[in-house]
>>> print(open('query18.txt').read())   # compact mmCIF, C-alpha atoms
# COMPACT_ATOMS: atom_id res chain seq x y z
CA MET A 103 0.00 0.00 0.00
CA GLN A 104 1.40 3.36 -1.05
CA ILE A 105 1.46 6.09 1.63
CA HIS A 106 0.96 9.62 0.27
CA TRP A 107 2.78 11.63 2.95
CA GLN A 108 3.33 14.80 0.94
CA GLU A 109 -0.25 14.93 -0.34
CA ALA A 110 -1.61 14.41 3.17
CA ILE A 111 0.48 17.22 4.66
CA ILE A 112 -0.45 19.64 1.87
CA ASN A 113 -4.15 18.76 2.06
CA VAL A 114 -4.34 19.21 5.84
CA LEU A 115 -2.47 22.53 5.70
CA LEU A 116 -4.72 23.83 2.94
CA LEU A 117 -7.85 22.58 4.69
CA TRP A 118 -6.92 24.59 7.79
CA MET A 119 -6.44 27.64 5.57
CA LEU A 120 -9.73 27.14 3.70
CA THR A 121 -11.89 26.10 6.65
CA ALA A 122 -11.69 29.43 8.50
CA PRO A 123 -13.16 31.55 5.65
CA HIS A 124 -15.75 28.86 4.93
CA GLU A 125 -17.07 28.72 8.50
CA PHE A 126 -16.69 32.49 8.91
CA ALA A 127 -18.96 32.93 5.88
CA HIS A 128 -21.64 30.78 7.56
CA ALA A 129 -21.33 32.75 10.80
CA TRP A 130 -21.29 36.14 9.07
CA MET A 131 -24.38 35.36 6.98
CA ALA A 132 -26.29 34.07 10.01
CA THR A 133 -25.41 37.23 11.92
CA ARG A 134 -26.53 39.40 9.02
CA LEU A 135 -29.84 37.55 8.99
CA GLY A 136 -30.44 38.25 12.68
CA ASP A 137 -29.11 35.18 14.51
CA ASP A 138 -26.55 36.14 17.15
CA THR A 139 -25.74 32.51 18.05
CA PRO A 140 -22.50 32.34 15.98
CA ARG A 141 -21.31 35.65 17.46
CA LEU A 142 -22.00 34.47 21.01
CA GLN A 143 -20.06 31.28 20.29
CA GLY A 144 -17.07 33.19 18.90
CA ARG A 145 -17.46 31.98 15.33
CA VAL A 146 -17.52 35.33 13.51
CA THR A 147 -13.75 35.26 13.14
CA LEU A 148 -11.09 34.18 10.65
CA ASN A 149 -9.01 32.57 13.40
CA PRO A 150 -8.63 28.92 12.26
CA LEU A 151 -8.55 27.65 15.85
CA ALA A 152 -12.18 28.74 16.29
CA HIS A 153 -13.30 26.49 13.44
CA VAL A 154 -11.17 23.35 13.84
CA ASP A 155 -12.82 19.99 14.34
CA MET A 156 -10.14 17.47 15.31
CA ILE A 157 -11.78 14.62 13.43
CA GLY A 158 -13.00 16.54 10.37
CA THR A 159 -10.12 19.02 10.04
CA LEU A 160 -7.19 16.82 11.05
CA LEU A 161 -7.63 13.08 11.50
CA LEU A 162 -10.03 12.19 8.66
CA PRO A 163 -8.41 14.32 5.92
CA ALA A 164 -4.97 13.07 6.98
CA VAL A 165 -5.99 9.40 6.89
CA THR A 166 -7.93 9.56 3.60
CA SER A 167 -5.11 11.50 1.93
CA LEU A 168 -2.40 9.21 3.32
CA LEU A 169 -4.11 6.06 2.06
CA GLY A 170 -5.19 7.54 -1.28
CA TYR A 171 -8.91 7.20 -0.55
CA GLY A 172 -9.78 10.61 -1.96
CA PHE A 173 -10.34 13.42 0.51
CA LEU A 174 -12.85 13.88 3.30
CA GLY A 175 -12.79 16.82 5.66
CA TRP A 176 -14.80 19.61 7.25
CA GLY A 177 -14.67 22.28 9.93
CA LYS A 178 -16.57 22.63 13.18
CA PRO A 179 -20.24 23.25 12.28
CA VAL A 180 -21.61 26.75 12.84
CA TYR A 181 -24.79 26.46 14.87
CA THR A 182 -27.74 28.65 13.98
CA GLN A 183 -31.29 28.95 15.25
CA THR A 184 -33.78 28.96 12.41
CA SER A 185 -36.31 30.78 14.58
CA LYS A 186 -33.94 33.76 14.79
CA LEU A 187 -33.11 33.90 11.08
CA ARG A 188 -35.00 36.28 8.84
CA GLY A 189 -36.71 34.08 6.30
CA GLY A 190 -36.72 31.00 8.51
CA LEU A 191 -35.72 27.96 6.46
CA ASN A 192 -34.98 30.15 3.45
CA GLY A 193 -32.58 32.11 5.62
CA LEU A 194 -31.02 28.83 6.73
CA LEU A 195 -30.45 27.98 3.08
CA LEU A 196 -28.61 31.27 2.54
CA VAL A 197 -26.42 30.53 5.56
CA ALA A 198 -25.63 27.08 4.16
CA LEU A 199 -24.79 28.40 0.68
CA ALA A 200 -22.44 31.04 2.10
CA GLY A 201 -19.82 28.41 2.94
CA PRO A 202 -19.45 26.77 -0.49
CA GLY A 203 -19.80 30.21 -2.07
CA SER A 204 -16.79 31.40 -0.09
CA ASN A 205 -14.81 28.43 -1.43
CA VAL A 206 -15.48 29.51 -5.00
CA VAL A 207 -14.37 33.06 -4.19
CA LEU A 208 -11.25 31.72 -2.47
CA ALA A 209 -10.47 29.55 -5.49
CA VAL A 210 -10.44 32.65 -7.70
CA ILE A 211 -8.27 34.59 -5.23
CA LEU A 212 -5.79 31.73 -4.95
CA GLY A 213 -5.76 31.45 -8.74
CA ILE A 214 -4.87 35.12 -9.05
CA LEU A 215 -2.04 34.70 -6.55
CA ALA A 216 -0.79 31.57 -8.30
CA ALA A 217 -0.74 33.30 -11.68
CA ALA A 218 1.16 36.25 -10.22
CA LEU A 219 3.75 34.04 -8.49
CA ILE A 220 4.53 31.65 -11.34
CA PRO A 221 7.47 33.81 -12.58
CA ILE A 222 8.79 34.08 -9.01
CA SER A 223 8.34 30.62 -7.48
CA HIS A 224 6.93 27.59 -9.23
CA THR A 225 6.79 25.73 -5.90
CA VAL A 226 4.58 28.33 -4.21
CA ALA A 227 2.48 28.70 -7.36
CA ALA A 228 1.93 24.91 -7.48
CA PHE A 229 0.86 24.96 -3.81
CA LEU A 230 -1.66 27.70 -4.56
CA VAL A 231 -2.95 25.88 -7.65
CA HIS A 232 -3.58 22.85 -5.46
CA GLY A 233 -5.43 25.24 -3.15
CA VAL A 234 -7.63 26.31 -6.07
CA TRP A 235 -8.45 22.67 -6.77
CA LEU A 236 -9.12 21.81 -3.12
CA SER A 237 -11.28 24.87 -2.56
CA LEU A 238 -13.48 23.91 -5.53
CA TYR A 239 -13.55 20.30 -4.34
CA LEU A 240 -14.73 21.43 -0.90
CA ALA A 241 -17.44 23.59 -2.49
CA ILE A 242 -18.74 20.60 -4.47
CA PHE A 243 -18.36 18.17 -1.57
CA ASN A 244 -20.21 20.43 0.85
CA MET A 245 -23.13 20.81 -1.55
CA LEU A 246 -23.93 17.09 -1.37
CA PRO A 247 -27.43 16.77 0.17
CA VAL A 248 -26.26 14.56 3.03
CA PRO A 249 -26.30 15.70 6.69
CA PRO A 250 -24.29 17.32 8.17
CA LEU A 251 -22.98 18.83 4.91
CA ASP A 252 -24.20 22.25 3.79
CA GLY A 253 -26.15 20.78 0.90
CA SER A 254 -28.40 18.93 3.33
CA LYS A 255 -30.01 22.27 4.15
CA LEU A 256 -31.52 22.08 0.66
CA LEU A 257 -33.66 19.26 2.03
CA LEU A 258 -34.91 21.46 4.85
CA ALA A 259 -35.53 24.37 2.47
CA ALA A 260 -37.56 21.95 0.33
CA ARG A 261 -39.66 21.37 3.48
CA ILE A 262 -38.69 17.74 4.01
CA PRO A 263 -40.29 16.61 7.31
CA PRO A 264 -37.86 17.28 10.20
CA ALA A 265 -38.31 13.72 11.47
CA ILE A 266 -37.04 12.31 8.16
CA TYR A 267 -34.11 14.77 8.15
CA LEU A 268 -33.14 13.74 11.68
CA GLU A 269 -33.32 10.07 10.71
CA ILE A 270 -31.04 10.67 7.71
CA SER A 271 -28.69 12.65 9.97
CA ARG A 272 -28.19 9.61 12.20
CA PHE A 273 -26.56 7.72 9.33
CA GLY A 274 -25.29 10.67 7.28
CA PHE A 275 -21.59 9.95 7.60
CA VAL A 276 -21.98 6.21 6.95
CA LEU A 277 -24.27 6.94 3.99
CA LEU A 278 -21.69 9.32 2.57
CA LEU A 279 -18.90 6.73 2.80
CA VAL A 280 -21.06 4.02 1.22
CA VAL A 281 -22.11 6.23 -1.68
CA MET A 282 -18.55 7.37 -2.35
CA GLN A 283 -17.30 3.76 -2.35
CA ALA A 284 -20.19 2.29 -4.36
CA THR A 285 -20.48 4.97 -7.05
CA ASN A 286 -18.32 7.22 -9.20
CA LEU A 287 -19.14 10.21 -7.00
CA LEU A 288 -15.53 10.71 -5.90
CA GLN A 289 -14.24 10.62 -9.48
CA TRP A 290 -16.98 13.03 -10.51
CA MET A 291 -16.03 15.53 -7.80
CA VAL A 292 -12.35 15.26 -8.72
CA GLU A 293 -13.11 15.75 -12.41
CA TRP A 294 -15.27 18.83 -11.88
CA SER A 295 -12.69 20.30 -9.53
CA ASN A 296 -10.06 19.74 -12.22
CA ARG A 297 -12.24 21.43 -14.84
CA GLY A 298 -12.94 24.37 -12.57
CA THR A 299 -9.25 24.82 -11.80
CA VAL A 300 -8.33 24.74 -15.47
CA ALA A 301 -11.11 27.22 -16.26
CA ILE A 302 -10.03 29.69 -13.55
CA LEU A 303 -6.34 29.54 -14.49
CA GLY A 304 -7.20 29.73 -18.17
CA VAL A 305 -9.11 32.98 -17.69
CA LEU A 306 -6.36 34.47 -15.54
CA ARG A 307 -3.68 33.66 -18.10
>>> encode(input="query18.txt", output="structure tokens")
Amino acid sequence: MQIHWQEAIINVLLLWMLTAPHEFAHAWMATRLGDDTPRLQGRVTLNPLAHVDMIGTLLLPAVTSLLGYGFLGWGKPVYTQTSKLRGGLNGLLLVALAGPGSNVVLAVILGILAAALIPISHTVAAFLVHGVWLSLYLAIFNMLPVPPLDGSKLLLAARIPPAIYLEISRFGFVLLLVVMQATNLLQWMVEWSNRGTVAILGVLR
């Protein structure tokens, strides 16, 4: 079995860099929509330590990257109270979309930096290009409609009965692993991340 040490280290470092803006975007949007829960819990910040989940931001991404099983990872969830959000479940959907949306914005920013640094340092530019790819991958991954991922809020916005959502949530992580192993979902996410990276860099060049 091949151990991908370098890929694991790079992925974990980048995930820590990308998680803070992602979770900050959730917290900021919730605050803008009237829910002060994220602010009271200290989540309206870009400090990575406020958003780290030891399993999702360190152990799981390290193990999956090391063993070549794709990439799984997430930050500490930002808790919101739907009753406090303007728009209720529609507001919750906006909060959920803010995270993946921030990843797309970050991908463009990292692409700009990579293009600017290519003449100076190919090593740094390559690191940033990988960041573009990973940021797009995280945006796609988080939009999967499986709890606790951001895309699962689409189910709530579609007014799926809360009891059914809670039942799915009990097996969300296992369901995600089974689907990724039994289908071409992982390859699809990798391919679309590749296409997005090429598109962003192509425009910038």
>>> closest_atom_pairs(input="query18.txt", of="segment 166-249 of chain A", to="segment 295-307 of chain A", cutoff="6 Å", atoms="all atoms listed in the file", output="JSON lines")
{"residue": "A:Trp235", "atom": "CA", "partner": "A:Thr299", "partner_atom": "CA", "distance": 5.5}
{"residue": "A:Leu238", "atom": "CA", "partner": "A:Ser295", "partner_atom": "CA", "distance": 5.4}
{"residue": "A:Tyr239", "atom": "CA", "partner": "A:Ser295", "partner_atom": "CA", "distance": 5.3}
>>> atom_distance(input="query18.txt", atom1="atom CA of Ala241 of chain A", atom2="atom CA of Leu142 of chain A")
26.3 Å
>>> atom_distance(input="query18.txt", atom1="atom CA of Val197 of chain A", atom2="atom CA of Pro179 of chain A")
11.7 Å
>>> residues_around(input="query18.txt", residues="Leu116 of chain A", least_positions_apart="2", cutoff="10 Å", atoms="only C-alpha atoms", output="PyMOL selection string")
chain A and resi 110-114+118-121+229-230+232-234+236-237
>>> residues_near_point(input="query18.txt", point="(-33.4, 34.4, 4.7)", cutoff="12 Å", atoms="all atoms listed in the file", output="MDAnalysis selection string")
chainID A and resid 131:137 184:200 259
>>> write_last_selection(input="query18.txt", atoms="C-alpha atoms", output="mmCIF file, keeping the file's coordinate frame")
data_model
loop_
_atom_site.group_PDB
_atom_site.id
_atom_site.type_symbol
_atom_site.label_atom_id
_atom_site.label_comp_id
_atom_site.auth_asym_id
_atom_site.auth_seq_id
_atom_site.Cartn_x
_atom_site.Cartn_y
_atom_site.Cartn_z
ATOM 1 C CA MET A 131 -24.380 35.360 6.980
ATOM 2 C CA ALA A 132 -26.290 34.070 10.010
ATOM 3 C CA THR A 133 -25.410 37.230 11.920
ATOM 4 C CA ARG A 134 -26.530 39.400 9.020
ATOM 5 C CA LEU A 135 -29.840 37.550 8.990
ATOM 6 C CA GLY A 136 -30.440 38.250 12.680
ATOM 7 C CA ASP A 137 -29.110 35.180 14.510
ATOM 8 C CA THR A 184 -33.780 28.960 12.410
ATOM 9 C CA SER A 185 -36.310 30.780 14.580
ATOM 10 C CA LYS A 186 -33.940 33.760 14.790
ATOM 11 C CA LEU A 187 -33.110 33.900 11.080
ATOM 12 C CA ARG A 188 -35.000 36.280 8.840
ATOM 13 C CA GLY A 189 -36.710 34.080 6.300
ATOM 14 C CA GLY A 190 -36.720 31.000 8.510
ATOM 15 C CA LEU A 191 -35.720 27.960 6.460
ATOM 16 C CA ASN A 192 -34.980 30.150 3.450
ATOM 17 C CA GLY A 193 -32.580 32.110 5.620
ATOM 18 C CA LEU A 194 -31.020 28.830 6.730
ATOM 19 C CA LEU A 195 -30.450 27.980 3.080
ATOM 20 C CA LEU A 196 -28.610 31.270 2.540
ATOM 21 C CA VAL A 197 -26.420 30.530 5.560
ATOM 22 C CA ALA A 198 -25.630 27.080 4.160
ATOM 23 C CA LEU A 199 -24.790 28.400 0.680
ATOM 24 C CA ALA A 200 -22.440 31.040 2.100
ATOM 25 C CA ALA A 259 -35.530 24.370 2.470
#
>>> residues_around(input="query18.txt", residues="Ala122 of chain A", least_positions_apart="3", cutoff="8 Å", atoms="all atoms listed in the file", output="list in words")
Trp118, Met119, Glu125, Phe126, Thr147, Leu148, Asn149, Pro150, Ala152, His153 and Gly177 of chain A
>>> write_last_selection(input="query18.txt", atoms="C-alpha atoms", output="PDB file, keeping the file's coordinate frame")
ATOM      1  CA  TRP A 118      -6.920  24.590   7.790  1.00  0.00           C
ATOM      2  CA  MET A 119      -6.440  27.640   5.570  1.00  0.00           C
ATOM      3  CA  GLU A 125     -17.070  28.720   8.500  1.00  0.00           C
ATOM      4  CA  PHE A 126     -16.690  32.490   8.910  1.00  0.00           C
ATOM      5  CA  THR A 147     -13.750  35.260  13.140  1.00  0.00           C
ATOM      6  CA  LEU A 148     -11.090  34.180  10.650  1.00  0.00           C
ATOM      7  CA  ASN A 149      -9.010  32.570  13.400  1.00  0.00           C
ATOM      8  CA  PRO A 150      -8.630  28.920  12.260  1.00  0.00           C
ATOM      9  CA  ALA A 152     -12.180  28.740  16.290  1.00  0.00           C
ATOM     10  CA  HIS A 153     -13.300  26.490  13.440  1.00  0.00           C
ATOM     11  CA  GLY A 177     -14.670  22.280   9.930  1.00  0.00           C
TER      12      GLY A 177
END
>>> atom_distance(input="query18.txt", atom1="atom CA of Gly213 of chain A", atom2="atom CA of Gln289 of chain A")
22.5 Å
>>> closest_residue(input="query18.txt", among="A:Leu268, A:Ser204, A:Val280, A:Leu160", to="Leu240 of chain A", atoms="only C-alpha atoms")
A:Ser204
>>> closest_residue(input="query18.txt", among="A:Leu246, A:Ala129, A:Ile220, A:Ala228", to="Gly274 of chain A", atoms="all atoms listed in the file")
A:Leu246
>>> closest_residue(input="query18.txt", among="A:Leu117, A:Ile242, A:Ile157, A:Leu219", to="Trp290 of chain A", atoms="all atoms listed in the file")
A:Ile242
